[in-house]
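> Before I ask anything, let me first share the structure, which is written out below as structure tokens.
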Amino acid sequence: MKNISKIIKNLYLILFLLTPFLFTFFNSELFEVPKMYFVYLITTTIVFFHLINWIRGNAPFFIKNFLNIFFVLFLISQIVCTLTSIDIHTSFFGYYSRLNGGLISILCYFFLYLFLPPYLDDKQKTKIINVSLISGFIISIYGILEHFGIDKNIWVQDVQSRVFSTLGQPNWLASYLCILLPLSVYKFITPSIKKISIFYYLLLATSYYLTILFTKSKSGIIACTVSIFVFSLITYIKEKNSRKSLIIIGLLFVFLSLTINNPIKDLIFPNKLEISNSSLEINNLNITPSSDIRKIVWKGSLDLFKKFPILGTGVETFAYSYYWTRPVEHNLTSEWDFLYNKAHNEYLNYLATTGLVGFIPYIILIFTVLLLLVKNYIRNSNLEIRNLSLALLSSYISILITNGFGFSVVIVSLYFFLIPLFLNDYNQNSKNRPHPRLKYFLPIILIIFGVLIKNLISSYTADIYFSKFESANSRQEYLKAFQNISKAISLRPNEPNYLINLSTATAKMSIITKENQYIDQSIDSSTKALNISPANINFIKLQSQSYYYLATIDTKYFINTIESMLQAMKIAPTDAKLPYTLGQFLESANLFDDAIYYYQKAINLKSNYDHAYFALGKIYFNQKQYDLAKTNLELNLKYAPTNTAAQEMLERIK
């Protein structure tokens, strides 16, 4: 049926048009989670309608493409690395707050890639490019308005300084617009474009570039500069008729770069302010440059690869396995207690989490796409198609660059896997045979489709309840928090992230109600969560916290608290916060000598640990060991000069 083909074509258009827009205020993660669930929904629907179309003989199941085999090999490698993962649940579903990169997301991109060609005629290609440019234009306009304060009171972040529009993070916005910029320039220089449209595409390119500058994303600006340079240089040499247009847009970009505050202007006209060391000091707050932090994370990633060179630790398990090789110098950065769920380098992330088995097919896929893009440009005699090939090549290069300094988000992954399909012309008029015997499977296909949609709705609703739980928990509304996490569990009973938080929620309820049923539920849910995700360091921390709450009811659980913390320290030997937290637990039980040992261990890992120095200072002060108290309190004030409690104790010592 032609109507089904039309539905599928429109679904692809909706995918490219709406995905970058989506964000909510009621999910646990506002930007990536709704985008990923939308991709799940659209993919499931496309697969359903395509199977019906194929069975009825209105479309081939797939169209042969040289790239197919490389994508299949990549997919197989991800399946293998999921099955051998240290956390199969995370590898399958993806890291909870990201989702993108898990096996399910890769399967979605694979099906979108496989089933697009039967519907990708020249008209559909043009439509996809046009809706992508329109979507990016609206998002960039919002980003520009954001720079001027349109939503400055909504976000905690300083969005006027570094805009993120509907993408949620400046680097993600820049990565997305870098993909669209070469396509807008390609449209601008295309001879067949009408004069009115030329101004429209010039406006698009200008708004994209301006917004990229407003993100102040160094990786985005580098990617943008390189991709546009590649496109402009080759086009300038090969196409004389396009030189005037390229000069106009080049001068415009140079003007914007030199007049707006951004890393390019800062590089050419550096401020006279001298910054000592490798940290920026603002009101005694040391902010480590992101480049320095990345080097440390990359070092840990390479060490992780060396430890698991063949299969890695499992798809999307970096958040857990990084702690195994986390460099101790990470403790001296301003982001020392941040959780890194990605390596901030897509290639190192694949290397560390999927080893050579996953990394090699990934790299081969990339180089094959690059080769095909270059080949398509060289061999095509049609000027417009040549320019489109070059624009796609430039867009793809921008993805490779931004992925080198960060990681792919949903919309970037969508373009990464689907851009190669625009290289070929697909025969839309080929005759396809219906498969009458397969029509009996239509009810089964319909049932599977219904089940998948139901599970999607349930999972998405569960995340909303989980977000409500987090909000209520932060407000110390423990009964409401317990009710919300219970609703999330009822919708998705085997999600370990819900189970471990149910453990802390029920532990708090046991304190409030003094009922044993909550104690048993707390222990059972944390045990179940760790059975599903045994390597998740945060789950072990939360388990120890639950036991600590339960110990206020029955002291026998205190030993479980200590055991959980010791287990966490074995998994994350360089995490300074773990011995410090254990020291706090021991201090609360009046085990001061043991507490001192672990506070000192925390300081050995993090020499500027102000909280640990203060904790030691208090213990020594109460023990009347004033020399030791003075030494530690002075060290605390060296790193936290505004600590009035430490100042008062020092005054009393003097």
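Ligands are numbered from 1 in the order shown, chains are lettered A, B, ... in the order of the structure tokens, and residues start at 1 in each chain.
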Report the residues of segment 110-312 of chain A whose backbone DSSP state falls under helix (DSSP H, G or I), written as a PyMOL selection string.

chain A and resi 110-115+117-119+122-147+170-189+195-215+218-238+240-259+263-268+290-307

> List as a list in words the protein and nucleic acid residues near segment 401-403 of chain A, meaning an atom at most 10 Å away when only C-alpha atoms are counted, but skip any in the same chain fewer than 4 places from it.

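Contacts, with the query itself left out: Asn171, Trp172, Ala174, Ser175, Tyr176, Cys178, Ser217, Lys218, Ser219, Gly220, Ile221, Ile222, Ala223, Cys224, Val226, Ser227, His344, Asn345, Glu346, Tyr347, Leu348, Tyr396, Ile397, Phe407, Ser408, Val409 and Val412 of chain A.
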
> Out of A:Pro434, A:Pro191, A:Gly406, A:Pro443, which residue has the shortest atom-to-atom distance to Arg56 of chain A when counting only C-alpha atoms?

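Going through A:Pro434, A:Pro191, A:Gly406, A:Pro443 one by one, the smallest distance to Arg56 of chain A is for A:Pro434.
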
> Can you list every residue of segment 345-425 of chain A that has an atom at most 10 Å from segment 28-52 of chain A, with its nearest atom pair and the distance in Å to one decimal, using only C-alpha atoms, ordered by chain then number, as a tab-separated table?


residue	atom	partner	partner_atom	distance
A:Val409	CA	A:Glu32	CA	7.2
A:Val410	CA	A:Met36	CA	6.2
A:Ile411	CA	A:Lys35	CA	8.0
A:Leu414	CA	A:Val39	CA	9.0

> Using only C-alpha atoms, which residue out of A:Trp155, A:Val297, A:Leu491, A:Thr527 lies closest to Leu456 of chain A?

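Of A:Trp155, A:Val297, A:Leu491, A:Thr527, the one nearest Leu456 of chain A, counting only C-alpha atoms, is A:Leu491.
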
> Near Leu586 of chain A, counting only C-alpha atoms, which residues have an atom at most 10 Å away, once you skip same-chain residues fewer than 2 positions from it, shown as a PyMOL selection string?

chain A and resi 558+561-562+580-584+588-596+598

> I want to know what sits within 12 Å of Leu213 of chain A, based on only C-alpha atoms, with residues of the same chain fewer than 2 positions away left out; could you give that as a PyMOL selection string?

chain A and resi 140+143-144+147+161-164+170-171+173-175+177-178+206-211+215-225+253-266

> Since we have the selection now, will you write its residues out, keeping N, CA and C atoms, as a compact mmCIF listing (two decimals), in the first residue's frame?


# COMPACT_ATOMS: atom_id res chain seq x y z
N SER A 140 18.68 26.90 16.87
CA SER A 140 19.74 27.91 16.95
C SER A 140 19.17 29.28 17.32
N GLY A 143 18.75 29.25 20.86
CA GLY A 143 20.06 29.38 21.49
C GLY A 143 20.53 30.82 21.52
N ILE A 144 20.29 31.55 20.43
CA ILE A 144 20.68 32.96 20.38
C ILE A 144 19.87 33.77 21.40
N HIS A 147 21.12 33.26 24.81
CA HIS A 147 22.30 34.08 25.10
C HIS A 147 21.90 35.45 25.64
N SER A 161 26.05 32.64 29.36
CA SER A 161 27.48 32.53 29.08
C SER A 161 27.76 31.44 28.06
N ARG A 162 27.11 30.28 28.23
CA ARG A 162 27.29 29.15 27.31
C ARG A 162 25.92 28.54 27.04
N VAL A 163 25.38 28.77 25.87
CA VAL A 163 24.01 28.33 25.56
C VAL A 163 23.98 26.84 25.27
N PHE A 164 22.81 26.21 25.52
CA PHE A 164 22.64 24.81 25.14
C PHE A 164 21.29 24.54 24.50
N PRO A 170 26.23 22.63 26.26
CA PRO A 170 26.81 23.42 25.16
C PRO A 170 27.55 22.59 24.11
N ASN A 171 28.34 21.61 24.56
CA ASN A 171 29.09 20.79 23.61
C ASN A 171 28.17 19.96 22.73
N LEU A 173 25.06 20.78 21.85
CA LEU A 173 24.43 21.69 20.89
C LEU A 173 25.41 22.01 19.76
N ALA A 174 26.65 22.28 20.10
CA ALA A 174 27.66 22.60 19.08
C ALA A 174 27.87 21.41 18.14
N SER A 175 27.94 20.21 18.69
CA SER A 175 28.14 19.01 17.86
C SER A 175 27.01 18.85 16.85
N LEU A 177 24.89 21.26 15.67
CA LEU A 177 24.87 22.33 14.66
C LEU A 177 26.05 22.21 13.69
N CYS A 178 27.16 21.63 14.15
CA CYS A 178 28.30 21.40 13.25
C CYS A 178 27.94 20.46 12.11
N THR A 206 24.36 31.43 9.10
CA THR A 206 24.76 32.46 10.07
C THR A 206 24.26 32.13 11.46
N SER A 207 23.01 31.73 11.57
CA SER A 207 22.44 31.41 12.88
C SER A 207 23.13 30.19 13.50
N TYR A 208 23.43 29.18 12.66
CA TYR A 208 24.15 28.00 13.17
C TYR A 208 25.51 28.40 13.73
N TYR A 209 26.25 29.17 12.93
CA TYR A 209 27.62 29.53 13.32
C TYR A 209 27.61 30.43 14.56
N LEU A 210 26.68 31.38 14.58
CA LEU A 210 26.57 32.29 15.71
C LEU A 210 26.27 31.52 17.00
N THR A 211 25.37 30.56 16.90
CA THR A 211 25.02 29.77 18.08
C THR A 211 26.19 28.91 18.53
N THR A 215 28.00 28.86 22.23
CA THR A 215 28.20 27.70 23.11
C THR A 215 29.59 27.74 23.76
N LYS A 216 30.52 28.44 23.11
CA LYS A 216 31.92 28.50 23.55
C LYS A 216 32.52 27.10 23.68
N SER A 217 32.02 26.19 22.89
CA SER A 217 32.52 24.82 22.88
C SER A 217 33.78 24.75 22.01
N LYS A 218 34.92 24.49 22.63
CA LYS A 218 36.17 24.44 21.87
C LYS A 218 36.14 23.29 20.86
N SER A 219 35.64 22.14 21.28
CA SER A 219 35.58 21.00 20.36
C SER A 219 34.63 21.30 19.21
N GLY A 220 33.50 21.96 19.51
CA GLY A 220 32.55 22.32 18.46
C GLY A 220 33.11 23.32 17.49
N ILE A 221 33.83 24.31 18.00
CA ILE A 221 34.41 25.34 17.14
C ILE A 221 35.52 24.76 16.27
N ILE A 222 36.32 23.86 16.85
CA ILE A 222 37.37 23.20 16.06
C ILE A 222 36.72 22.36 14.94
N ALA A 223 35.70 21.58 15.31
CA ALA A 223 35.02 20.73 14.32
C ALA A 223 34.38 21.57 13.23
N CYS A 224 33.75 22.65 13.64
CA CYS A 224 33.09 23.55 12.69
C CYS A 224 34.12 24.17 11.74
N THR A 225 35.23 24.64 12.28
CA THR A 225 36.27 25.28 11.47
C THR A 225 36.86 24.30 10.46
N PHE A 253 31.73 34.76 8.56
CA PHE A 253 32.16 33.93 9.69
C PHE A 253 33.36 34.54 10.41
N VAL A 254 34.30 35.09 9.64
CA VAL A 254 35.47 35.73 10.24
C VAL A 254 35.05 36.93 11.08
N PHE A 255 34.13 37.73 10.54
CA PHE A 255 33.63 38.90 11.26
C PHE A 255 32.99 38.50 12.59
N LEU A 256 32.13 37.48 12.55
CA LEU A 256 31.47 37.01 13.77
C LEU A 256 32.49 36.47 14.77
N SER A 257 33.50 35.76 14.27
CA SER A 257 34.51 35.15 15.14
C SER A 257 35.33 36.20 15.89
N LEU A 258 35.54 37.35 15.25
CA LEU A 258 36.40 38.37 15.84
C LEU A 258 35.65 39.43 16.63
N THR A 259 34.34 39.42 16.56
CA THR A 259 33.56 40.45 17.26
C THR A 259 32.77 39.91 18.44
N ILE A 260 32.61 38.60 18.52
CA ILE A 260 31.83 37.99 19.60
C ILE A 260 32.79 37.24 20.52
N ASN A 261 32.56 37.32 21.82
CA ASN A 261 33.39 36.60 22.78
C ASN A 261 33.27 35.10 22.56
N ASN A 262 34.38 34.49 22.22
CA ASN A 262 34.42 33.05 21.97
C ASN A 262 35.88 32.60 21.98
N PRO A 263 36.15 31.31 22.02
CA PRO A 263 37.53 30.83 22.08
C PRO A 263 38.43 31.30 20.93
N ILE A 264 37.86 31.52 19.73
CA ILE A 264 38.68 32.00 18.61
C ILE A 264 39.20 33.41 18.91
N LYS A 265 38.32 34.28 19.34
CA LYS A 265 38.71 35.66 19.67
C LYS A 265 39.70 35.67 20.83
N ASP A 266 39.46 34.82 21.83
CA ASP A 266 40.36 34.75 22.98
C ASP A 266 41.75 34.28 22.58

> With only C-alpha atoms as the counted atoms, please give the residues lying no more than 9 Å from segment 75-86 of chain A, apart from itself and same-chain residues fewer than 3 positions off, as a ChimeraX atom specification.

/A:70-72,89-92,102-103,106-107,110,311-317,321,353-355,357-359,361-362,533-535

> Pull C-alpha atoms from the residues just selected and write them as a tab-separated table (two decimals), in the first residue's frame.


chain	number	residue	atom	x	y	z
A	70	PHE	CA	30.38	-3.39	8.08
A	71	PHE	CA	27.36	-2.25	10.08
A	72	VAL	CA	26.39	-5.89	10.72
A	89	HIS	CA	21.71	-4.99	32.18
A	90	THR	CA	23.57	-1.71	31.64
A	91	SER	CA	25.14	-2.93	28.40
A	92	PHE	CA	21.72	-3.86	27.05
A	102	GLY	CA	23.48	0.74	24.93
A	103	LEU	CA	22.71	-2.26	22.74
A	106	ILE	CA	22.41	0.54	18.54
A	107	LEU	CA	19.72	-1.91	17.41
A	110	PHE	CA	20.64	-0.42	12.79
A	311	LEU	CA	36.40	-7.71	25.03
A	312	GLY	CA	36.65	-4.72	27.33
A	313	THR	CA	34.40	-4.50	30.38
A	314	GLY	CA	31.13	-4.37	28.45
A	315	VAL	CA	29.12	-1.91	26.39
A	316	GLU	CA	28.43	1.31	28.35
A	317	THR	CA	30.06	0.12	31.59
A	321	SER	CA	35.02	0.11	35.37
A	353	THR	CA	34.42	-0.90	27.21
A	354	THR	CA	34.41	-3.18	24.15
A	355	GLY	CA	38.12	-3.87	23.65
A	357	VAL	CA	36.46	-6.82	19.45
A	358	GLY	CA	34.23	-3.74	19.47
A	359	PHE	CA	36.76	-1.05	18.60
A	361	PRO	CA	34.68	-2.94	13.64
A	362	TYR	CA	33.77	0.57	14.81
A	533	SER	CA	24.58	-4.80	38.66
A	534	PRO	CA	27.38	-6.17	40.90
A	535	ALA	CA	30.06	-3.77	39.66

> What gap, in Å, lies between atom CA of Phe269 of chain A and atom CA of Leu251 of chain A?

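Atom CA of Leu251 of chain A lies at a distance of 18.3 Å from atom CA of Phe269 of chain A.
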
> Neighbours of Met649 of chain A within 10 Å (only C-alpha atoms; same-chain residues fewer than 2 positions away dropped), as number ranges by chain?

A: 617-618, 621, 626, 629-630, 633, 644-647, 651-654

> Taking the DSSP assignment computed from this structure's backbone, write out as a list in words all residues of segment 205-318 of chain A that belong to strand (DSSP E or B).

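Here are the strand (DSSP E or B) residues of segment 205-318 of chain A: Leu280, Glu281, Ile282, Leu285, Asn286 and Ile287 of chain A.
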
> Which neighbours of Pro118 of chain A fall inside 12 Å, counting only C-alpha atoms, when residues of the same chain fewer than 3 positions from it are skipped, and could you give them as JSON, numbers by chain?

{"A": [5, 6, 8, 9, 50, 53, 54, 57, 58, 59, 60, 61, 62, 63, 64, 65, 112, 113, 114, 115, 121, 122, 124, 125, 421, 424, 425, 426, 427, 428, 429, 430, 431, 432]}

> Can you measure atom CA of Leu502 of chain A to atom CA of Glu335 of chain A for me? One decimal in Å is fine.

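Value for the atom CA of Leu502 of chain A-atom CA of Glu335 of chain A distance: 28.0 Å.
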
> Which one of A:Ala529, A:Ile134, A:Ile55, A:Leu67 sits closest to Ile489 of chain A if you count only C-alpha atoms?

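Residue with the minimum atom-to-atom distance to Ile489 of chain A: A:Ala529.
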